[in-house]
file final-v7.txt (compact mmCIF, C-alpha atoms)
# COMPACT_ATOMS: atom_id res chain seq x y z
CA MET A 1 62.84 -0.85 38.53
CA CYS A 2 59.80 1.23 37.71
CA LEU A 3 61.59 4.46 38.52
CA GLY A 4 60.59 7.41 36.35
CA VAL A 5 62.93 10.37 36.14
CA PRO A 6 61.62 13.90 35.54
CA GLY A 7 63.42 16.02 32.95
CA LYS A 8 62.95 19.01 30.64
CA VAL A 9 62.60 18.71 26.87
CA VAL A 10 65.28 20.76 25.10
CA THR A 11 64.59 19.86 21.46
CA VAL A 12 62.24 17.56 19.59
CA GLU A 13 63.27 15.79 16.39
CA GLY A 14 60.92 13.23 14.88
CA ASP A 15 60.23 10.41 17.33
CA PHE A 16 62.95 11.57 19.71
CA ALA A 17 63.55 14.38 22.16
CA ASP A 18 66.68 15.68 23.78
CA VAL A 19 65.89 15.80 27.50
CA ASP A 20 67.82 17.60 30.21
CA PHE A 21 67.98 15.80 33.56
CA GLY A 22 69.46 18.46 35.82
CA GLY A 23 72.47 19.04 33.56
CA VAL A 24 72.78 15.60 31.97
CA ARG A 25 71.26 15.34 28.50
CA ARG A 26 69.83 12.19 26.97
CA LYS A 27 68.03 11.29 23.76
CA VAL A 28 64.68 9.70 24.61
CA SER A 29 61.92 8.17 22.51
CA LEU A 30 58.51 9.79 22.10
CA LEU A 31 56.80 6.68 20.76
CA LEU A 32 54.73 6.26 23.94
CA TYR A 33 53.92 9.96 24.40
CA PRO A 34 54.33 12.07 21.26
CA GLU A 35 52.48 15.17 22.47
CA VAL A 36 55.47 17.02 23.89
CA GLY A 37 57.18 20.22 22.88
CA GLU A 38 60.31 22.16 23.73
CA GLY A 39 60.31 23.33 27.33
CA ASP A 40 57.88 20.66 28.52
CA TYR A 41 58.61 18.72 31.66
CA VAL A 42 58.32 14.97 31.21
CA LEU A 43 58.62 11.71 33.11
CA VAL A 44 61.11 9.33 31.49
CA HIS A 45 61.39 5.57 32.00
CA VAL A 46 63.92 3.26 30.26
CA GLY A 47 64.55 5.79 27.51
CA PHE A 48 60.90 6.66 26.81
CA VAL A 49 58.72 9.61 27.77
CA ILE A 50 55.74 8.04 29.55
CA GLN A 51 53.96 11.20 30.74
CA ARG A 52 54.08 14.98 30.61
CA LEU A 53 54.27 16.76 33.96
CA GLU A 54 52.90 20.14 34.95
CA LYS A 55 55.79 22.58 35.23
CA GLN A 56 55.14 23.66 38.79
CA GLU A 57 54.88 20.11 40.00
CA ALA A 58 57.88 18.90 38.04
CA LEU A 59 59.98 21.66 39.55
CA GLN A 60 58.80 20.76 43.03
CA THR A 61 59.82 17.16 42.42
CA LEU A 62 63.21 18.17 41.08
CA GLU A 63 63.78 20.49 44.04
CA LEU A 64 62.61 17.86 46.46
CA PHE A 65 64.98 15.37 44.84
CA ALA A 66 67.87 17.78 45.28
CA GLU A 67 66.86 18.51 48.87
CA ILE A 68 66.58 14.83 49.76
CA GLU A 69 69.89 13.99 48.11
CA LYS A 70 71.54 16.77 50.08
CA ALA A 71 69.97 15.75 53.38
CA TYR A 72 70.85 12.14 52.70
CA GLU A 73 74.47 12.93 51.88
CA GLU A 74 74.79 15.09 55.00
CA SER A 75 73.31 12.39 57.19
CA THR A 76 75.63 9.71 55.80
CA ASP A 77 78.62 12.05 56.02
CA GLU A 78 78.07 12.63 59.69
CA GLU A 79 77.51 9.10 60.75
CA PRO A 80 79.71 6.16 59.89
CA MET B 1 70.92 7.72 60.42
CA LYS B 2 68.47 10.46 61.23
CA SER B 3 65.27 10.73 59.30
CA GLN B 4 65.53 13.02 56.31
CA LEU B 5 62.06 14.25 56.99
CA THR B 6 63.03 15.92 60.22
CA ARG B 7 65.82 17.74 58.41
CA SER B 8 64.26 18.86 55.18
CA HIS B 9 62.70 22.24 54.49
CA GLU B 10 59.44 20.34 54.21
CA ALA B 11 59.65 19.51 57.90
CA GLY B 12 56.54 21.59 58.60
CA SER B 13 54.37 19.63 56.18
CA SER B 14 55.75 16.30 57.32
CA ALA B 15 55.17 17.19 60.97
CA SER B 16 51.51 17.99 60.35
CA LEU B 17 51.04 14.82 58.28
CA LEU B 18 52.69 12.77 61.03
CA GLU B 19 50.41 14.39 63.62
CA GLU B 20 47.37 13.47 61.57
CA ILE B 21 48.66 9.91 61.16
CA ALA B 22 49.15 9.60 64.93
CA ALA B 23 45.63 10.90 65.55
CA LEU B 24 44.01 8.59 63.00
CA ALA B 25 45.95 5.37 63.55
CA ARG B 26 44.65 4.38 66.97
CA LYS B 27 43.65 0.83 66.03
CA PRO B 28 46.21 -1.67 64.69
CA THR B 29 46.39 -1.00 60.95
CA ARG B 30 48.42 -2.55 58.21
CA PHE B 31 49.10 -1.11 54.77
CA MET B 32 51.04 -2.80 51.99
CA GLU B 33 53.20 -0.97 49.48
CA VAL B 34 53.24 -2.88 46.21
CA CYS B 35 56.21 -1.15 44.65
CA GLY B 36 59.90 -1.63 45.25
CA THR B 37 60.57 2.07 44.71
CA HIS B 38 58.16 2.82 47.58
CA THR B 39 59.97 0.27 49.74
CA VAL B 40 63.30 1.98 49.15
CA SER B 41 61.88 5.46 49.72
CA ILE B 42 60.17 4.36 52.96
CA PHE B 43 63.38 2.85 54.34
CA ARG B 44 65.69 5.52 53.09
CA SER B 45 63.64 8.37 54.51
CA GLY B 46 63.17 6.63 57.85
CA ILE B 47 59.38 6.83 57.62
CA ARG B 48 58.85 3.54 59.48
CA SER B 49 60.59 4.90 62.55
CA LEU B 50 58.29 7.94 62.60
CA LEU B 51 55.01 6.05 62.46
CA PRO B 52 52.99 5.10 65.53
CA GLN B 53 53.35 1.50 66.75
CA SER B 54 49.78 0.76 65.71
CA LEU B 55 50.55 1.38 62.04
CA GLU B 56 52.54 -1.17 60.09
CA LEU B 57 53.81 -0.78 56.51
CA ILE B 58 54.59 -4.08 54.84
CA SER B 59 56.21 -4.70 51.48
CA GLY B 60 54.52 -6.75 48.78
CA PRO B 61 55.50 -8.36 45.49
CA GLY B 62 56.57 -5.09 43.89
CA CYS B 63 59.99 -5.73 42.45
CA PRO B 64 60.09 -7.39 39.01
CA VAL B 65 63.47 -8.96 39.69
CA CYS B 66 62.33 -10.45 43.02
CA VAL B 67 59.20 -12.09 41.67
CA THR B 68 60.96 -13.71 38.70
CA PRO B 69 61.11 -17.44 39.47
CA LEU B 70 64.43 -19.23 39.64
CA GLY B 71 63.59 -21.30 36.54
CA GLU B 72 63.42 -18.17 34.37
CA ILE B 73 66.82 -16.96 35.58
CA ASP B 74 68.15 -20.42 34.67
CA GLN B 75 66.60 -20.07 31.22
CA ALA B 76 68.37 -16.73 30.70
CA VAL B 77 71.66 -18.24 31.90
CA ALA B 78 71.25 -21.20 29.53
CA LEU B 79 70.52 -18.82 26.62
CA ALA B 80 73.65 -16.81 27.44
CA ARG B 81 75.66 -20.05 27.04
CA GLU B 82 74.33 -20.70 23.53
CA GLU B 83 76.74 -20.35 20.62
CA GLY B 84 76.71 -16.90 19.00
CA VAL B 85 74.30 -15.36 21.52
CA ALA B 86 74.57 -11.96 23.16
CA LEU B 87 72.15 -11.82 26.07
CA VAL B 88 70.98 -8.32 26.96
CA SER B 89 68.89 -7.16 29.91
CA PHE B 90 68.48 -4.45 32.52
CA GLY B 91 71.19 -4.16 35.15
CA ASP B 92 68.87 -5.12 38.02
CA VAL B 93 68.69 -8.74 36.99
CA MET B 94 72.38 -9.42 36.35
CA ARG B 95 73.38 -10.59 39.83
CA VAL B 96 70.25 -12.61 40.63
CA PRO B 97 71.43 -16.15 41.36
CA GLY B 98 69.94 -18.94 39.26
CA SER B 99 70.23 -22.48 40.54
CA SER B 100 73.88 -22.76 39.46
CA SER B 101 74.96 -19.39 38.05
CA SER B 102 73.93 -15.80 37.45
CA LEU B 103 74.16 -13.65 34.34
CA SER B 104 77.03 -11.65 35.82
CA GLN B 105 78.91 -14.88 36.58
CA GLU B 106 78.36 -15.93 32.99
CA ARG B 107 79.77 -12.62 31.83
CA ALA B 108 82.79 -13.04 34.09
CA GLY B 109 83.23 -16.50 32.54
CA GLY B 110 83.49 -14.94 29.09
CA ARG B 111 79.90 -15.16 27.83
CA ASP B 112 78.48 -12.19 25.94
CA VAL B 113 76.10 -10.68 28.49
CA ARG B 114 75.34 -6.97 28.28
CA VAL B 115 73.47 -4.42 30.36
CA ILE B 116 71.06 -2.16 28.52
CA THR B 117 69.23 0.87 29.88
CA SER B 118 66.49 1.01 27.25
CA PRO B 119 64.72 -1.69 25.21
CA LEU B 120 65.71 0.32 22.12
CA ASP B 121 69.35 -0.55 22.92
CA ALA B 122 68.50 -4.19 22.21
CA VAL B 123 67.24 -3.23 18.73
CA GLU B 124 70.30 -1.08 18.11
CA ILE B 125 72.68 -3.88 19.12
CA ALA B 126 70.83 -6.36 16.90
CA ARG B 127 71.06 -4.00 13.92
CA GLY B 128 74.72 -3.27 14.54
CA GLU B 129 75.73 -6.91 14.95
CA PRO B 130 73.70 -8.90 12.41
CA HIS B 131 75.96 -11.97 12.78
CA LYS B 132 75.03 -12.29 16.47
CA LYS B 133 71.84 -13.69 17.94
CA ILE B 134 70.59 -11.08 20.37
CA VAL B 135 68.39 -12.39 23.19
CA PHE B 136 66.57 -9.73 25.22
CA PHE B 137 65.62 -11.00 28.69
CA ALA B 138 62.62 -8.67 28.87
CA ILE B 139 61.75 -8.16 32.51
CA GLY B 140 59.36 -5.60 33.97
CA PHE B 141 55.91 -4.54 35.10
CA GLU B 142 53.39 -2.37 33.27
CA THR B 143 55.67 0.68 33.55
CA THR B 144 58.28 -1.02 31.37
CA SER B 145 56.18 -3.25 29.08
CA PRO B 146 55.00 -0.48 26.72
CA ALA B 147 58.65 0.49 26.13
CA ILE B 148 59.52 -3.16 25.45
CA ALA B 149 56.54 -3.39 23.09
CA ALA B 150 57.52 -0.18 21.27
CA ALA B 151 61.06 -1.51 20.78
CA ILE B 152 59.72 -4.82 19.39
CA THR B 153 57.49 -2.88 16.98
CA GLU B 154 60.54 -0.88 15.89
CA ALA B 155 62.59 -4.06 15.38
CA LYS B 156 59.88 -5.48 13.13
CA ARG B 157 59.49 -2.23 11.22
CA GLN B 158 63.24 -2.07 10.61
CA GLY B 159 63.35 -5.71 9.50
CA VAL B 160 65.62 -6.82 12.34
CA ARG B 161 65.78 -10.63 12.21
CA ASN B 162 68.34 -11.54 14.85
CA LEU B 163 66.45 -10.41 17.96
CA SER B 164 64.69 -12.88 20.27
CA ILE B 165 62.62 -12.05 23.32
CA LEU B 166 62.50 -14.02 26.58
CA SER B 167 59.36 -12.39 27.96
CA SER B 168 59.49 -12.25 31.74
CA GLN B 169 56.97 -9.48 32.24
CA ARG B 170 54.32 -9.40 34.92
CA LEU B 171 51.16 -7.44 35.63
CA ILE B 172 50.45 -5.99 39.05
CA PRO B 173 46.64 -6.03 39.49
CA PRO B 174 46.30 -9.84 38.98
CA ALA B 175 49.01 -10.38 41.61
CA MET B 176 47.16 -8.12 44.06
CA ARG B 177 43.99 -10.08 43.44
CA ALA B 178 45.84 -13.36 44.07
CA LEU B 179 47.30 -11.97 47.27
CA LEU B 180 43.92 -10.80 48.55
CA SER B 181 42.21 -14.04 47.51
CA SER B 182 44.75 -16.17 49.39
CA ASP B 183 43.62 -14.62 52.68
CA ALA B 184 47.07 -15.38 54.08
CA VAL B 185 47.93 -11.81 54.85
CA GLN B 186 45.64 -9.26 56.50
CA ILE B 187 45.84 -5.86 54.82
CA ASP B 188 43.75 -2.73 55.50
CA GLY B 189 44.80 -0.87 52.37
CA PHE B 190 47.37 -0.45 49.63
CA LEU B 191 49.83 2.24 48.67
CA LEU B 192 49.46 1.69 44.92
CA PRO B 193 52.47 1.95 42.61
CA GLY B 194 52.91 5.42 41.11
CA HIS B 195 54.62 4.66 37.83
CA VAL B 196 52.72 1.47 37.03
CA SER B 197 49.66 3.70 37.43
CA VAL B 198 51.03 6.31 35.00
CA ILE B 199 50.40 3.62 32.39
CA ILE B 200 47.36 1.73 33.66
CA GLY B 201 45.48 4.55 35.40
CA LYS B 202 42.95 3.95 38.15
CA ALA B 203 40.37 1.56 36.70
CA PRO B 204 42.35 -1.74 36.94
CA TYR B 205 42.42 -1.39 40.75
CA SER B 206 38.66 -0.97 41.16
CA PHE B 207 38.25 -4.67 42.09
CA ILE B 208 40.09 -3.97 45.35
CA ALA B 209 37.22 -1.81 46.56
CA ARG B 210 34.45 -3.68 44.75
CA ASP B 211 35.37 -7.30 45.53
CA PHE B 212 37.36 -6.96 48.74
CA SER B 213 35.94 -3.78 50.31
CA LEU B 214 39.46 -2.48 50.70
CA ARG B 215 41.07 0.80 49.78
CA GLY B 216 44.06 1.92 47.76
CA VAL B 217 45.83 5.20 47.08
CA ILE B 218 48.05 5.71 44.02
CA THR B 219 51.07 7.29 45.65
CA GLY B 220 54.18 9.19 44.55
CA PHE B 221 57.71 8.41 45.68
CA GLU B 222 58.83 11.37 47.76
CA PRO B 223 58.67 10.86 51.51
CA LEU B 224 55.92 13.51 51.70
CA ASP B 225 53.95 11.72 48.97
CA ILE B 226 54.10 8.53 51.00
CA LEU B 227 52.99 10.23 54.23
CA GLU B 228 50.12 11.85 52.34
CA GLY B 229 49.17 8.48 50.82
CA VAL B 230 49.10 6.97 54.31
CA VAL B 231 46.93 9.84 55.60
CA MET B 232 44.49 9.37 52.69
CA LEU B 233 44.20 5.65 53.50
CA LEU B 234 43.64 6.35 57.20
CA ARG B 235 40.98 8.97 56.42
CA GLN B 236 39.14 6.39 54.30
CA ILE B 237 39.14 3.97 57.23
CA GLN B 238 37.92 6.64 59.62
CA GLU B 239 35.12 7.63 57.25
CA GLY B 240 34.23 4.01 56.48
CA ARG B 241 35.18 4.32 52.81
CA ALA B 242 36.80 1.74 50.53
CA GLU B 243 37.84 3.55 47.35
CA ILE B 244 40.73 3.94 44.94
CA GLU B 245 42.17 7.45 45.18
CA ASN B 246 45.05 9.23 43.50
CA GLN B 247 47.60 11.12 45.59
CA TYR B 248 50.17 11.29 42.76
CA THR B 249 48.19 13.68 40.57
CA ARG B 250 51.28 15.44 39.22
CA ALA B 251 52.14 12.34 37.17
CA VAL B 252 49.14 10.01 37.13
CA GLN B 253 46.09 10.71 35.00
CA VAL B 254 43.01 8.75 36.02
CA GLU B 255 42.80 7.16 32.57
CA GLY B 256 46.55 6.34 32.45
CA ASN B 257 48.57 6.46 29.22
CA GLU B 258 46.18 5.06 26.62
CA ARG B 259 48.68 5.13 23.77
CA ALA B 260 51.24 3.17 25.79
CA ARG B 261 48.59 0.58 26.66
CA ARG B 262 47.52 0.30 23.03
CA ILE B 263 51.10 -0.38 21.86
CA MET B 264 51.53 -2.92 24.66
CA GLY B 265 48.26 -4.61 23.62
CA GLU B 266 49.28 -4.74 19.94
CA VAL B 267 52.45 -6.67 20.76
CA PHE B 268 51.52 -8.76 23.82
CA SER B 269 48.54 -10.68 25.09
CA PRO B 270 48.00 -11.69 28.72
CA VAL B 271 48.97 -15.23 29.71
CA SER B 272 49.21 -17.00 33.02
CA ALA B 273 52.60 -16.48 34.64
CA ARG B 274 54.60 -17.91 37.51
CA TRP B 275 55.58 -15.61 40.35
CA ARG B 276 58.14 -16.36 42.98
CA GLY B 277 56.19 -16.69 46.19
CA LEU B 278 52.76 -16.41 44.64
CA GLY B 279 52.72 -19.39 42.26
CA THR B 280 50.97 -19.30 38.90
CA ILE B 281 48.51 -16.44 38.44
CA PRO B 282 46.09 -16.30 35.48
CA ASP B 283 46.51 -13.41 33.02
CA SER B 284 49.41 -11.96 34.98
CA GLY B 285 52.10 -12.31 32.31
CA LEU B 286 52.62 -11.15 28.73
CA ALA B 287 53.32 -13.31 25.66
CA LEU B 288 54.11 -12.11 22.13
CA ARG B 289 51.10 -12.01 19.82
CA GLU B 290 51.03 -14.10 16.65
CA GLU B 291 52.36 -11.25 14.45
CA PHE B 292 55.50 -11.07 16.59
CA LYS B 293 55.86 -14.76 17.44
CA GLU B 294 58.97 -15.13 15.27
CA MET B 295 60.83 -13.16 17.96
CA ASP B 296 59.88 -15.58 20.75
CA VAL B 297 62.97 -17.38 22.12
CA ALA B 298 61.03 -20.64 21.80
CA VAL B 299 61.19 -20.30 17.99
CA SER B 300 64.98 -20.10 17.76
CA PHE B 301 66.12 -21.99 20.86
CA ASP B 302 65.17 -25.22 22.56
CA ILE B 303 65.53 -24.12 26.14
CA PRO B 304 62.30 -24.82 27.97
CA TYR B 305 61.39 -23.50 31.41
CA LYS B 306 62.08 -25.89 34.29
CA ASP B 307 60.56 -25.44 37.72
CA MET B 308 63.26 -25.08 40.38
CA ALA B 309 62.92 -24.95 44.16
CA ASP B 310 64.03 -21.77 45.93
CA PRO B 311 67.47 -21.89 47.58
CA PRO B 312 67.33 -23.84 50.89
CA GLY B 313 66.53 -21.58 53.84
CA CYS B 314 65.65 -18.56 51.65
CA ARG B 315 62.34 -17.02 52.77
CA CYS B 316 62.01 -14.61 49.87
CA SER B 317 58.73 -16.23 48.81
CA GLU B 318 57.08 -15.43 52.15
CA ILE B 319 58.63 -11.96 52.28
CA LEU B 320 57.12 -11.15 48.87
CA GLN B 321 53.67 -11.98 50.23
CA GLY B 322 54.14 -9.85 53.33
CA LEU B 323 53.99 -12.99 55.51
CA THR B 324 57.31 -12.40 57.18
CA THR B 325 60.07 -9.79 57.32
CA PRO B 326 63.72 -10.17 56.31
CA PRO B 327 65.19 -10.33 59.86
CA HIS B 328 63.13 -13.51 60.38
CA CYS B 329 64.99 -15.29 57.58
CA PRO B 330 67.78 -17.52 58.94
CA LEU B 331 70.07 -16.48 56.08
CA PHE B 332 69.51 -12.70 56.40
CA GLY B 333 72.65 -10.72 57.10
CA ALA B 334 74.66 -13.83 57.90
CA ARG B 335 74.89 -15.98 54.80
CA CYS B 336 72.86 -13.65 52.60
CA THR B 337 74.14 -10.09 52.11
CA PRO B 338 74.02 -7.59 49.22
CA GLU B 339 77.65 -8.48 48.39
CA ASP B 340 76.94 -12.21 48.39
CA PRO B 341 73.19 -12.61 47.93
CA ILE B 342 71.33 -15.90 48.00
CA GLY B 343 67.79 -14.74 47.25
CA PRO B 344 66.53 -12.11 44.80
CA CYS B 345 65.11 -9.89 47.57
CA MET B 346 68.70 -9.25 48.65
CA VAL B 347 70.08 -8.80 45.12
CA SER B 348 67.69 -6.17 43.87
CA SER B 349 68.28 -2.72 45.31
CA GLU B 350 64.48 -2.55 45.54
CA GLY B 351 64.16 -5.86 47.36
CA SER B 352 62.89 -5.83 50.94
CA CYS B 353 65.95 -7.67 52.22
CA ALA B 354 68.37 -5.23 50.61
CA ALA B 355 66.37 -2.30 52.03
CA PHE B 356 66.31 -3.84 55.51
CA TYR B 357 70.02 -4.61 55.31
CA LYS B 358 71.03 -1.17 54.10
CA TYR B 359 68.71 0.99 56.16
CA GLY B 360 67.73 -1.51 58.85
CA GLY B 361 67.39 -0.72 62.50
CA LEU B 362 65.01 2.08 61.67
CA SER B 363 61.83 0.16 62.26
call {"tool": "encode", "arguments": {"input": "final-v7.txt", "output": "structure tokens"}}
result
Amino acid sequence: MCLGVPGKVVTVEGDFADVDFGGVRRKVSLLLYPEVGEGDYVLVHVGFVIQRLEKQEALQTLELFAEIEKAYEESTDEEP
Amino acid sequence: MKSQLTRSHEAGSSASLLEEIAALARKPTRFMEVCGTHTVSIFRSGIRSLLPQSLELISGPGCPVCVTPLGEIDQAVALAREEGVALVSFGDVMRVPGSSSSLSQERAGGRDVRVITSPLDAVEIARGEPHKKIVFFAIGFETTSPAIAAAITEAKRQGVRNLSILSSQRLIPPAMRALLSSDAVQIDGFLLPGHVSVIIGKAPYSFIARDFSLRGVITGFEPLDILEGVVMLLRQIQEGRAEIENQYTRAVQVEGNERARRIMGEVFSPVSARWRGLGTIPDSGLALREEFKEMDVAVSFDIPYKDMADPPGCRCSEILQGLTTPPHCPLFGARCTPEDPIGPCMVSSEGSCAAFYKYGGLS
């Protein structure tokens, strides 16, 4: 339940940001972490940014996510 | 299912981490992960099957849904049955059985029960439907509580008057202290929860080293993060250290998120709370402060908490303390399955029983 999802800030408007999660966009609140700008990578939990991530590390996480998803899908495809 | 780790492009790093683990874990060693997301990642990646026999990873009380006592689920169910109420909560809690019904059964029976994905949804619903009484069954650990607090602040600022909060939030460090103080389970170190730590930082865990001479590593959720967390714990043992370290540096700042903690502290104050399996723990729950008391469910509804015994045969309470594992429960896999769960550890996707059931046979 404490899952945080990394995403990239597309636009900031007041207390909200439009965040891109690998193609899916969501409006998230900045009330808990206002210091973000366009292009920043952030960690989002239940509709709130809770932390900013370093770009390099965020990308690694996103890649790793994709890699794991792929490996997982392959492994479940092969075996009943 | 084969381990993902042996297939991924990170195989090189995982192989060297696994080699180091094998070299360091010669004595019987037991680490507890205190986060349901870790539990799922460990099972899903097949990490248990790759570890040496001497090293055991056990799951602790790290899933908010699992540690919510039966009586609180009953309270939510009773609130959902009240005239004019829409009960809203996170999806995780919907199927958890109370003593006679669950929230999803209530919804199927025609009650107004809705899943929300953000606490702000509760405020939005309350604003949009002023004739309804919106009850937010607010469940979560420190990761979620600041967001709940921020939404409550927003509701007050916007003058929303038809929103009530059933606070079912719990704090992790007091539960870890209770677990260590009970002496029931022997643990050599903790994989500390990554996203709880994003909020609380490192300091609240210092008692683990100071008072219990044990170690903990704040750990991320990728399989490689977990292996690295395990290596860091093993190195501490080898070097005779008992410290709190941070593996998950890409997300966790040592000081945590101070603003989030401040908002949480403006809305809630710590109170003693009941935990399934662990009993009542001082200062481990959150109650609304005086300025927000008008939103407490107790103000608008007369539905007090009643203590209820766990379902007969269900060993969830012991599983949450790391005292036993799901296959040792007489109900596991036979009468209790993810499709037809009896205990919360099977309902929640982050529960140990659900993880064992889904990815079992790996350990």
call {"tool": "atom_distance", "arguments": {"input": "final-v7.txt", "atom1": "CA of Val77 (chain B)", "atom2": "CA of Leu331 (chain B)"}}
result
24.3 Å
call {"tool": "residues_around", "arguments": {"input": "final-v7.txt", "residues": "region 40-52 of chain A", "least_positions_apart": "3", "cutoff": "6 Å", "atoms": "all atoms listed in the file", "output": "ChimeraX atom specification"}}
result
/A:4-9,28-30,32-33,37,55 /B:117-118
call {"tool": "residues_around", "arguments": {"input": "final-v7.txt", "residues": "Val115 (chain B)", "least_positions_apart": "6", "cutoff": "12 Å", "atoms": "all atoms listed in the file", "output": "ChimeraX atom specification"}}
result
/B:86-95,103-104,107,121-122,125,135-138
call {"tool": "write_last_selection", "arguments": {"input": "final-v7.txt", "atoms": "C-alpha atoms", "output": "PDB file, keeping the file's coordinate frame"}}
result
ATOM      1  CA  ALA B  86      74.570 -11.960  23.160  1.00  0.00           C
ATOM      2  CA  LEU B  87      72.150 -11.820  26.070  1.00  0.00           C
ATOM      3  CA  VAL B  88      70.980  -8.320  26.960  1.00  0.00           C
ATOM      4  CA  SER B  89      68.890  -7.160  29.910  1.00  0.00           C
ATOM      5  CA  PHE B  90      68.480  -4.450  32.520  1.00  0.00           C
ATOM      6  CA  GLY B  91      71.190  -4.160  35.150  1.00  0.00           C
ATOM      7  CA  ASP B  92      68.870  -5.120  38.020  1.00  0.00           C
ATOM      8  CA  VAL B  93      68.690  -8.740  36.990  1.00  0.00           C
ATOM      9  CA  MET B  94      72.380  -9.420  36.350  1.00  0.00           C
ATOM     10  CA  ARG B  95      73.380 -10.590  39.830  1.00  0.00           C
ATOM     11  CA  LEU B 103      74.160 -13.650  34.340  1.00  0.00           C
ATOM     12  CA  SER B 104      77.030 -11.650  35.820  1.00  0.00           C
ATOM     13  CA  ARG B 107      79.770 -12.620  31.830  1.00  0.00           C
ATOM     14  CA  ASP B 121      69.350  -0.550  22.920  1.00  0.00           C
ATOM     15  CA  ALA B 122      68.500  -4.190  22.210  1.00  0.00           C
ATOM     16  CA  ILE B 125      72.680  -3.880  19.120  1.00  0.00           C
ATOM     17  CA  VAL B 135      68.390 -12.390  23.190  1.00  0.00           C
ATOM     18  CA  PHE B 136      66.570  -9.730  25.220  1.00  0.00           C
ATOM     19  CA  PHE B 137      65.620 -11.000  28.690  1.00  0.00           C
ATOM     20  CA  ALA B 138      62.620  -8.670  28.870  1.00  0.00           C
TER      21      ALA B 138
END
call {"tool": "closest_residue", "arguments": {"input": "final-v7.txt", "among": "B:Val96, B:Ala149, B:Val267, B:Cys329", "to": "Thr68 (chain B)", "atoms": "all atoms listed in the file"}}
result
B:Val96
call {"tool": "residues_near_point", "arguments": {"input": "final-v7.txt", "point": "(45.9, 14.7, 33.8)", "cutoff": "10 Å", "atoms": "all atoms listed in the file", "output": "PyMOL selection string"}}
result
(chain A and resi 51-54) or (chain B and resi 198+249-257)
call {"tool": "closest_residue", "arguments": {"input": "final-v7.txt", "among": "A:Gly14, A:Pro34, A:Gly23, A:Gly39", "to": "chain B", "atoms": "only C-alpha atoms"}}
result
A:Pro34
call {"tool": "closest_atom_pairs", "arguments": {"input": "final-v7.txt", "of": "chain B", "to": "chain A", "cutoff": "8 Å", "atoms": "all atoms listed in the file", "output": "Markdown table"}}
result
| residue | atom | partner | partner_atom | distance |
| --- | --- | --- | --- | --- |
| B:Met1 | CA | A:Ser75 | CA | 6.2 |
| B:Lys2 | CA | A:Ser75 | CA | 6.6 |
| B:Gln4 | CA | A:Ala71 | CA | 6.0 |
| B:Arg7 | CA | A:Ala71 | CA | 6.8 |
| B:Ser8 | CA | A:Ala71 | CA | 6.7 |
| B:His9 | CA | A:Glu67 | CA | 7.9 |
| B:Gly36 | CA | A:Met1 | CA | 7.4 |
| B:Thr37 | CA | A:Leu3 | CA | 6.7 |
| B:Cys63 | CA | A:Met1 | CA | 6.9 |
| B:Pro64 | CA | A:Met1 | CA | 7.1 |
| B:Asp92 | CA | A:Met1 | CA | 7.4 |
| B:Thr117 | CA | A:Val46 | CA | 5.8 |
| B:Ser118 | CA | A:Val46 | CA | 4.6 |
| B:Pro119 | CA | A:Val46 | CA | 7.1 |
| B:Leu120 | CA | A:Gly47 | CA | 7.8 |
| B:Gly140 | CA | A:Met1 | CA | 7.4 |
| B:Phe141 | CA | A:Cys2 | CA | 7.4 |
| B:Thr143 | CA | A:Cys2 | CA | 5.9 |
| B:Thr144 | CA | A:Cys2 | CA | 6.9 |
| B:Pro146 | CA | A:Leu32 | CA | 7.3 |
| B:Ala147 | CA | A:Phe48 | CA | 6.6 |
| B:Ala150 | CA | A:Leu31 | CA | 6.9 |
| B:His195 | CA | A:Cys2 | CA | 6.2 |
| B:Val196 | CA | A:Cys2 | CA | 7.1 |
| B:Val198 | CA | A:Gln51 | CA | 7.1 |
| B:Ile199 | CA | A:Ile50 | CA | 7.5 |
| B:Glu222 | CA | A:Leu64 | CA | 7.6 |
| B:Arg250 | CA | A:Glu57 | CA | 5.9 |
| B:Ala251 | CA | A:Leu53 | CA | 5.9 |
| B:Asn257 | CA | A:Gln51 | CA | 7.3 |
| B:Arg259 | CA | A:Leu32 | CA | 6.2 |
| B:Ala260 | CA | A:Leu32 | CA | 5.0 |
| B:Ile263 | CA | A:Leu32 | CA | 7.8 |
| B:Glu350 | CA | A:Met1 | CA | 7.4 |
call {"tool": "atom_distance", "arguments": {"input": "final-v7.txt", "atom1": "CA of Arg315 (chain B)", "atom2": "CA of Leu286 (chain B)"}}
result
26.6 Å
call {"tool": "atom_distance", "arguments": {"input": "final-v7.txt", "atom1": "CA of Tyr357 (chain B)", "atom2": "CA of Ile139 (chain B)"}}
result
24.5 Å
call {"tool": "residues_near_point", "arguments": {"input": "final-v7.txt", "point": "(46.0, 8.8, 44.9)", "cutoff": "9 Å", "atoms": "all atoms listed in the file", "output": "PyMOL selection string"}}
result
chain B and resi 191-192+194+202+216-220+229+232+244-249+252
call {"tool": "closest_residue", "arguments": {"input": "final-v7.txt", "among": "B:Asn162, B:Gln105, B:Ser206, B:Thr39", "to": "Val85 (chain B)", "atoms": "only C-alpha atoms"}}
result
B:Asn162
call {"tool": "residues_around", "arguments": {"input": "final-v7.txt", "residues": "region 26-34 of chain B", "least_positions_apart": "5", "cutoff": "7 Å", "atoms": "all atoms listed in the file", "output": "ChimeraX atom specification"}}
result
/B:39,54-62,187-193
